[in-house]
Amino acid sequence: MGIVYHKSSKTFHLFNGEISYLMIVLENGHLGQLYFGKGMHDREDFSNLLELAPRAIAACPRLGDKVFSLEHVKQELPSYGSGDFRSPAVEIQQENGSRISDFQYQGYRIEPGKPKLAGLPATYVEDPGEAETLVVELKDQVTGMKAELSYTIFAQGGLLAKSVRYVNEGGEPVRLERAMSLCLDLPDCRYEWVQLSGAWARERHIIARKLAMGVQSIGSMRGSSSHHHNPFLVLKRPDATEEHGEAIGFSFVYSGNFLMQAEVDAHDSTRVLVGLHPDTFAWKLEPGESFQAPEAVMAYSCQGLNAMSQDFHRLYRTRLAKGYWRDRVRPILINNWEATYFDFTEEALLEIARKAAECGVELFVLDDGWFGKRSSEFAGLGDWVANKSRLPHGIAGLAERIEGLGMKFGLWFEPEMVNLDSDLYRSHPDWILEVPKRIKNHGRNQFVLDFSRAEVVDAIHGMMVKILREAKVSYIKWDMNRSITECYSKALPPDQQGEVFHRYILGVYELYRRLTEEFPHILFESCASGGGRFDPGMLYYAPQGWVSDDTDAVERMKIQYGTSLCYPISSLGAHVSVIPNHQVSRSTPFHTRANVAYFGTFGYELDLNSLTEEEIQEVKKQVSFMKEYRSILQFGTFYRLKSPFEGNEMSWMVVSPDKKTALVGWYRVLNQVNARFTRIPLAGLCPDFCYENSFDGSRHFGDELMGFGLITSDVTAGEVPPDRDPSCDFESRIYVLKAVEG
Ligand code: DGJ
């Protein structure tokens, strides 16, 4: 790994053997971009990669020269209005009304490791040898605005992290109206755009289409990263598959409004922009003040999507997630939400917990409804004090009793929200986000606290820590159940209202920071009506997140499969729930619900007392299976094998680091008869190891399992013999493969 600067050609080369990232100081002093992709030999001069030619009517800065034009050059910090007509990475509203800027190269520094980003979640290193960071300084002389562009190349993988910091070194205030974190100008547009999109209860479905001339984008203006579009994007070559071909993944380490777009111009070059959504962002910078834009991470792979995902998984699991729980297997939990909703007593909870303890479950989580006057959506949010009529011994007493059963205790909070019917709102009606004299929309009958204000964050922090100090709480589910509207802070002047969305998220991060530092042993799970804020920003504080409110096994196949494009399996909250399922009324076999949930942080979302004795025996087996294999499932190498978006079957697998054990999950949605033979070519095994298949005791070498494949045919192949039971809809199997002496 290294970063070099070639003085004669003014070229920067960041490389690690797998990838190269090349930039050049352009003849007009701007920072130009040359290349991002497969690693290349270093050379003194790569300026040929600029691909410049004289073009009719191009906007050019020098009379007599039609070749150098910002309209056609690849750039790192492009602005609009002075030659480049594509979407810009930066826009600065100045005192004289102009938005034109001209960021000139000033110098650079190279640092071992990776510096922290003030107040923001970001990837990190534990040893300076794991990465190297280049900081390039640019300056707009007219405004005095300085831009520091940071590029971190990691020793391992095709990964590059990028962020930008602005400092107003001028004498007048300016307004930063656009501060994108990443700009990548690719020399062609032969890509498919792949996004993770959906809605509440069907988050992160994989949607792919061909890149086309013009702008294509995803984003959020809901105040959270959203159920609708995840801050993640892939550009892959049309022929790229899970195992082969080129793909570039883009991920934004942020939990609020974002924009990711690709703009294909008239000459088929593609500009990718990733950053804060400019439509809901403006930041006033007084002289001397600075602004740090969040981090974006890119992963280049020439070995298909699985390799790209594995880079993200490794980085995010080990160098974004942090703290006590990062490398620890996650407890098997039971959550009472779908078992009781708001209708419970302490005794009813203990009944559920007792049965769970008997089955080997390790953590009992009390969800919504334990505080204030919370017996419905209409009251209580903001009053983080136990409801004594439901919980006569308070949270401390309940936690004590749960611990007495040999389990840990976890608790639900929704710190950012308030109901009108709450003591908090009655004493601080001015603490919510709302625009004076305008209607205020509710979402789920609740309102959003103004987390851009330190005193609001302090107050919620105070209530939460009181409980956490009194009671033995080992886990927190941090929920957030609405989009933000009327985003206006009564504590900020009119010319800073554009800052509220971002300041709000900074407030959320600050509360997370304080709580995770004060209670390092508490396991945090993020949640936002399921997966409405499932993003790398949250992953920094909470090593796992509730993937979706949809707990149906078939729906979960697509949701978890899509989520795995970027996020590690150890971060995917996945539970077994009852049938008929509460979201889609579907009845799937018990083992299939578990077989899907194993590929995540496993748990139950039901009242085990409602199960038959036979099912309880199955629960016990599932719990012990998960305990045996969870370190491989949560921390092994994950491969997608067969997409649920492309047919009736889905398959994925996890391989242990020593390749001696693998777990293959195979799932078929609808039953068939007289079907063809089926097999799944596996991945990641050692070709020379002979593996024994737990399902039927058969033995095969890794090369056969990866070449011909694992045979998954069952009774559905051909006619069902009279002595065999027909299969059923929603069938699934876990094949455990263990290396044995050939
Ligand atoms: C939404 C979450 O996603 C659910 O799991 C549950 O915690 C409810 N909120 C409680 O209100």
# chains A, B, ... in the order shown; residues from 1 in each chain; ligands from 1
call {"tool": "residues_near_ligand", "arguments": {"ligand": "ligand 1", "cutoff": "8 Å", "atoms": "only C-alpha atoms and all ligand atoms", "output": "VMD selection string"}}
result
chain A and resid 337 to 338 341 367 to 369 377 412 477 479 to 481 527 to 531 546 548 to 549
call {"tool": "residues_around", "arguments": {"residues": "Glu76 of chain A", "least_positions_apart": "2", "cutoff": "9 Å", "atoms": "only C-alpha atoms", "output": "mmCIF file with N, CA and C atoms, in the first residue's frame"}}
result
data_model
loop_
_atom_site.group_PDB
_atom_site.id
_atom_site.type_symbol
_atom_site.label_atom_id
_atom_site.label_comp_id
_atom_site.auth_asym_id
_atom_site.auth_seq_id
_atom_site.Cartn_x
_atom_site.Cartn_y
_atom_site.Cartn_z
ATOM 1 N N MET A 23 -4.987 10.917 -9.358
ATOM 2 C CA MET A 23 -5.446 12.303 -9.509
ATOM 3 C C MET A 23 -4.296 13.150 -10.039
ATOM 4 N N HIS A 30 -6.948 23.265 -10.735
ATOM 5 C CA HIS A 30 -7.942 22.424 -10.064
ATOM 6 C C HIS A 30 -7.400 21.002 -9.894
ATOM 7 N N LEU A 31 -8.102 20.236 -9.050
ATOM 8 C CA LEU A 31 -7.686 18.848 -8.878
ATOM 9 C C LEU A 31 -8.493 17.974 -9.830
ATOM 10 N N GLY A 32 -7.779 17.314 -10.743
ATOM 11 C CA GLY A 32 -8.437 16.467 -11.731
ATOM 12 C C GLY A 32 -8.372 15.013 -11.316
ATOM 13 N N GLN A 33 -9.246 14.238 -11.943
ATOM 14 C CA GLN A 33 -9.303 12.827 -11.615
ATOM 15 C C GLN A 33 -8.845 12.032 -12.829
ATOM 16 N N LYS A 74 -12.240 15.267 -16.075
ATOM 17 C CA LYS A 74 -12.661 14.550 -14.871
ATOM 18 C C LYS A 74 -12.112 15.297 -13.653
ATOM 19 N N PRO A 78 -15.648 19.520 -8.488
ATOM 20 C CA PRO A 78 -16.203 20.408 -9.509
ATOM 21 C C PRO A 78 -17.247 21.364 -8.937
ATOM 22 N N ALA A 89 -20.003 19.307 -7.113
ATOM 23 C CA ALA A 89 -19.769 18.713 -5.791
ATOM 24 C C ALA A 89 -19.851 19.776 -4.706
ATOM 25 N N LEU A 149 -9.543 17.775 1.078
ATOM 26 C CA LEU A 149 -10.087 16.520 0.547
ATOM 27 C C LEU A 149 -9.267 15.362 1.104
ATOM 28 N N LEU A 182 -18.275 12.906 -2.123
ATOM 29 C CA LEU A 182 -17.512 12.146 -3.116
ATOM 30 C C LEU A 182 -17.964 12.523 -4.514
ATOM 31 N N CYS A 183 -16.975 12.676 -5.401
ATOM 32 C CA CYS A 183 -17.268 12.868 -6.819
ATOM 33 C C CYS A 183 -16.356 11.907 -7.571
ATOM 34 N N LEU A 184 -16.947 11.041 -8.376
ATOM 35 C CA LEU A 184 -16.134 10.126 -9.181
ATOM 36 C C LEU A 184 -16.557 10.265 -10.634
ATOM 37 N N ASP A 185 -15.640 10.719 -11.467
ATOM 38 C CA ASP A 185 -15.925 10.857 -12.899
ATOM 39 C C ASP A 185 -15.347 9.644 -13.632
#
call {"tool": "residues_around", "arguments": {"residues": "segment 282-298 of chain A", "least_positions_apart": "5", "cutoff": "9 Å", "atoms": "only C-alpha atoms", "output": "number ranges by chain"}}
result
A: 117-123, 144, 158-182, 248-254, 274-276, 312, 495-500
call {"tool": "closest_residue", "arguments": {"among": "A:Gly532, A:Gly562, A:Gly404, A:Pro415", "to": "Asp383 of chain A", "atoms": "only C-alpha atoms"}}
result
A:Pro415
call {"tool": "residues_around", "arguments": {"residues": "Val715 of chain A", "least_positions_apart": "4", "cutoff": "9 Å", "atoms": "only C-alpha atoms", "output": "ChimeraX atom specification"}}
result
/A:673-674,719-721,724-727
call {"tool": "write_last_selection", "arguments": {"atoms": "all heavy atoms", "output": "PDB file, in the first residue's frame"}}
result
ATOM      1  N   VAL A 673     -43.901 -29.879  -8.788  1.00  0.00           N
ATOM      2  CA  VAL A 673     -43.913 -31.310  -9.035  1.00  0.00           C
ATOM      3  C   VAL A 673     -43.368 -31.512 -10.439  1.00  0.00           C
ATOM      4  O   VAL A 673     -43.466 -30.613 -11.286  1.00  0.00           O
ATOM      5  CB  VAL A 673     -45.328 -31.907  -8.871  1.00  0.00           C
ATOM      6  CG1 VAL A 673     -46.310 -31.361  -9.889  1.00  0.00           C
ATOM      7  CG2 VAL A 673     -45.296 -33.433  -8.949  1.00  0.00           C
ATOM      8  N   ASN A 674     -42.758 -32.663 -10.661  1.00  0.00           N
ATOM      9  CA  ASN A 674     -42.173 -32.946 -11.963  1.00  0.00           C
ATOM     10  C   ASN A 674     -41.176 -31.856 -12.372  1.00  0.00           C
ATOM     11  O   ASN A 674     -41.094 -31.447 -13.522  1.00  0.00           O
ATOM     12  CB  ASN A 674     -43.286 -33.082 -13.018  1.00  0.00           C
ATOM     13  CG  ASN A 674     -42.773 -33.718 -14.290  1.00  0.00           C
ATOM     14  OD1 ASN A 674     -41.726 -34.364 -14.286  1.00  0.00           O
ATOM     15  ND2 ASN A 674     -43.482 -33.517 -15.382  1.00  0.00           N
ATOM     16  N   GLU A 719     -42.046 -37.341 -10.500  1.00  0.00           N
ATOM     17  CA  GLU A 719     -43.345 -37.602  -9.882  1.00  0.00           C
ATOM     18  C   GLU A 719     -43.113 -37.973  -8.415  1.00  0.00           C
ATOM     19  O   GLU A 719     -42.133 -38.651  -8.107  1.00  0.00           O
ATOM     20  CB  GLU A 719     -43.951 -38.792 -10.605  1.00  0.00           C
ATOM     21  CG  GLU A 719     -45.419 -38.671 -10.908  1.00  0.00           C
ATOM     22  CD  GLU A 719     -45.868 -39.895 -11.695  1.00  0.00           C
ATOM     23  OE1 GLU A 719     -45.107 -40.321 -12.583  1.00  0.00           O
ATOM     24  OE2 GLU A 719     -46.926 -40.421 -11.398  1.00  0.00           O
ATOM     25  N   VAL A 720     -43.993 -37.586  -7.517  1.00  0.00           N
ATOM     26  CA  VAL A 720     -43.790 -37.946  -6.105  1.00  0.00           C
ATOM     27  C   VAL A 720     -44.119 -39.431  -5.937  1.00  0.00           C
ATOM     28  O   VAL A 720     -45.234 -39.861  -6.229  1.00  0.00           O
ATOM     29  CB  VAL A 720     -44.705 -37.104  -5.184  1.00  0.00           C
ATOM     30  CG1 VAL A 720     -44.441 -37.461  -3.726  1.00  0.00           C
ATOM     31  CG2 VAL A 720     -44.506 -35.625  -5.435  1.00  0.00           C
ATOM     32  N   PRO A 721     -43.134 -40.226  -5.483  1.00  0.00           N
ATOM     33  CA  PRO A 721     -43.418 -41.658  -5.302  1.00  0.00           C
ATOM     34  C   PRO A 721     -44.496 -41.854  -4.225  1.00  0.00           C
ATOM     35  O   PRO A 721     -44.588 -41.044  -3.297  1.00  0.00           O
ATOM     36  CB  PRO A 721     -42.074 -42.233  -4.833  1.00  0.00           C
ATOM     37  CG  PRO A 721     -41.073 -41.140  -4.995  1.00  0.00           C
ATOM     38  CD  PRO A 721     -41.788 -39.854  -5.081  1.00  0.00           C
ATOM     39  N   ARG A 724     -43.601 -41.531  -0.540  1.00  0.00           N
ATOM     40  CA  ARG A 724     -42.942 -40.301  -0.040  1.00  0.00           C
ATOM     41  C   ARG A 724     -43.973 -39.201   0.140  1.00  0.00           C
ATOM     42  O   ARG A 724     -44.905 -39.073  -0.657  1.00  0.00           O
ATOM     43  CB  ARG A 724     -41.887 -39.810  -1.042  1.00  0.00           C
ATOM     44  CG  ARG A 724     -40.734 -40.771  -1.278  1.00  0.00           C
ATOM     45  CD  ARG A 724     -39.611 -40.631  -0.269  1.00  0.00           C
ATOM     46  NE  ARG A 724     -39.067 -39.281  -0.174  1.00  0.00           N
ATOM     47  CZ  ARG A 724     -38.078 -38.824  -0.933  1.00  0.00           C
ATOM     48  NH1 ARG A 724     -37.553 -39.600  -1.857  1.00  0.00           N
ATOM     49  NH2 ARG A 724     -37.617 -37.610  -0.762  1.00  0.00           N
ATOM     50  N   ASP A 725     -43.785 -38.360   1.174  1.00  0.00           N
ATOM     51  CA  ASP A 725     -44.658 -37.197   1.344  1.00  0.00           C
ATOM     52  C   ASP A 725     -44.313 -36.164   0.299  1.00  0.00           C
ATOM     53  O   ASP A 725     -43.129 -35.971   0.003  1.00  0.00           O
ATOM     54  CB  ASP A 725     -44.420 -36.559   2.725  1.00  0.00           C
ATOM     55  CG  ASP A 725     -45.052 -37.400   3.807  1.00  0.00           C
ATOM     56  OD1 ASP A 725     -45.967 -38.182   3.469  1.00  0.00           O
ATOM     57  OD2 ASP A 725     -44.601 -37.292   4.965  1.00  0.00           O
ATOM     58  N   PRO A 726     -45.340 -35.493  -0.268  1.00  0.00           N
ATOM     59  CA  PRO A 726     -44.975 -34.399  -1.161  1.00  0.00           C
ATOM     60  C   PRO A 726     -44.305 -33.294  -0.345  1.00  0.00           C
ATOM     61  O   PRO A 726     -44.487 -33.216   0.867  1.00  0.00           O
ATOM     62  CB  PRO A 726     -46.321 -33.934  -1.725  1.00  0.00           C
ATOM     63  CG  PRO A 726     -47.352 -34.444  -0.776  1.00  0.00           C
ATOM     64  CD  PRO A 726     -46.783 -35.639  -0.086  1.00  0.00           C
ATOM     65  N   SER A 727     -43.525 -32.505  -0.999  1.00  0.00           N
ATOM     66  CA  SER A 727     -42.908 -31.369  -0.313  1.00  0.00           C
ATOM     67  C   SER A 727     -43.974 -30.288  -0.098  1.00  0.00           C
ATOM     68  O   SER A 727     -45.150 -30.513  -0.366  1.00  0.00           O
ATOM     69  CB  SER A 727     -41.762 -30.858  -1.183  1.00  0.00           C
ATOM     70  OG  SER A 727     -41.146 -29.767  -0.577  1.00  0.00           O
TER      71      SER A 727
END
call {"tool": "select_by_dssp", "arguments": {"residues": "segment 89-308 of chain A", "states": "alpha helix (DSSP H)", "output": "short mmCIF file (atom, residue, chain, number, x, y, z; two decimals) with C-alpha atoms, in the first residue's frame"}}
result
data_model
loop_
_atom_site.label_atom_id
_atom_site.label_comp_id
_atom_site.auth_asym_id
_atom_site.auth_seq_id
_atom_site.Cartn_x
_atom_site.Cartn_y
_atom_site.Cartn_z
CA GLY A 304 -17.95 -9.68 -8.99
CA LEU A 305 -20.44 -8.52 -6.43
CA ASN A 306 -19.62 -11.04 -3.71
CA ALA A 307 -16.03 -9.77 -3.51
CA MET A 308 -17.29 -6.17 -3.34
#
call {"tool": "residues_around", "arguments": {"residues": "Gly702 of chain A", "least_positions_apart": "2", "cutoff": "12 Å", "atoms": "only C-alpha atoms", "output": "PyMOL selection string"}}
result
chain A and resi 655+659-662+681-693+699-700+704-710+737-740+742
call {"tool": "atom_distance", "arguments": {"atom1": "atom CA of Ile92 of chain A", "atom2": "atom CA of Phe281 of chain A"}}
result
11.8 Å
call {"tool": "closest_residue", "arguments": {"among": "A:Thr270, A:Val623, A:Glu517, A:Val465", "to": "Ala357 of chain A", "atoms": "only C-alpha atoms"}}
result
A:Val623
call {"tool": "residues_around", "arguments": {"residues": "Ser226 of chain A", "least_positions_apart": "6", "cutoff": "9 Å", "atoms": "only C-alpha atoms", "output": "PyMOL selection string"}}
result
chain A and resi 199-200+203+219-220+255-257+483+528+531-535
call {"tool": "residues_around", "arguments": {"residues": "segment 317-333 of chain A", "least_positions_apart": "5", "cutoff": "6 Å", "atoms": "only C-alpha atoms", "output": "PyMOL selection string"}}
result
chain A and resi 123-124+361-364+539-540+543+602-603+631
call {"tool": "atom_distance", "arguments": {"atom1": "atom CA of Asp311 of chain A", "atom2": "atom CA of Pro644 of chain A"}}
result
22.4 Å
call {"tool": "closest_residue", "arguments": {"among": "A:Thr152, A:Thr563, A:Thr485, A:Ser79", "to": "Gln195 of chain A", "atoms": "only C-alpha atoms"}}
result
A:Thr563
call {"tool": "atom_distance", "arguments": {"atom1": "atom CA of Glu434 of chain A", "atom2": "atom CA of Ser489 of chain A"}}
result
7.0 Å
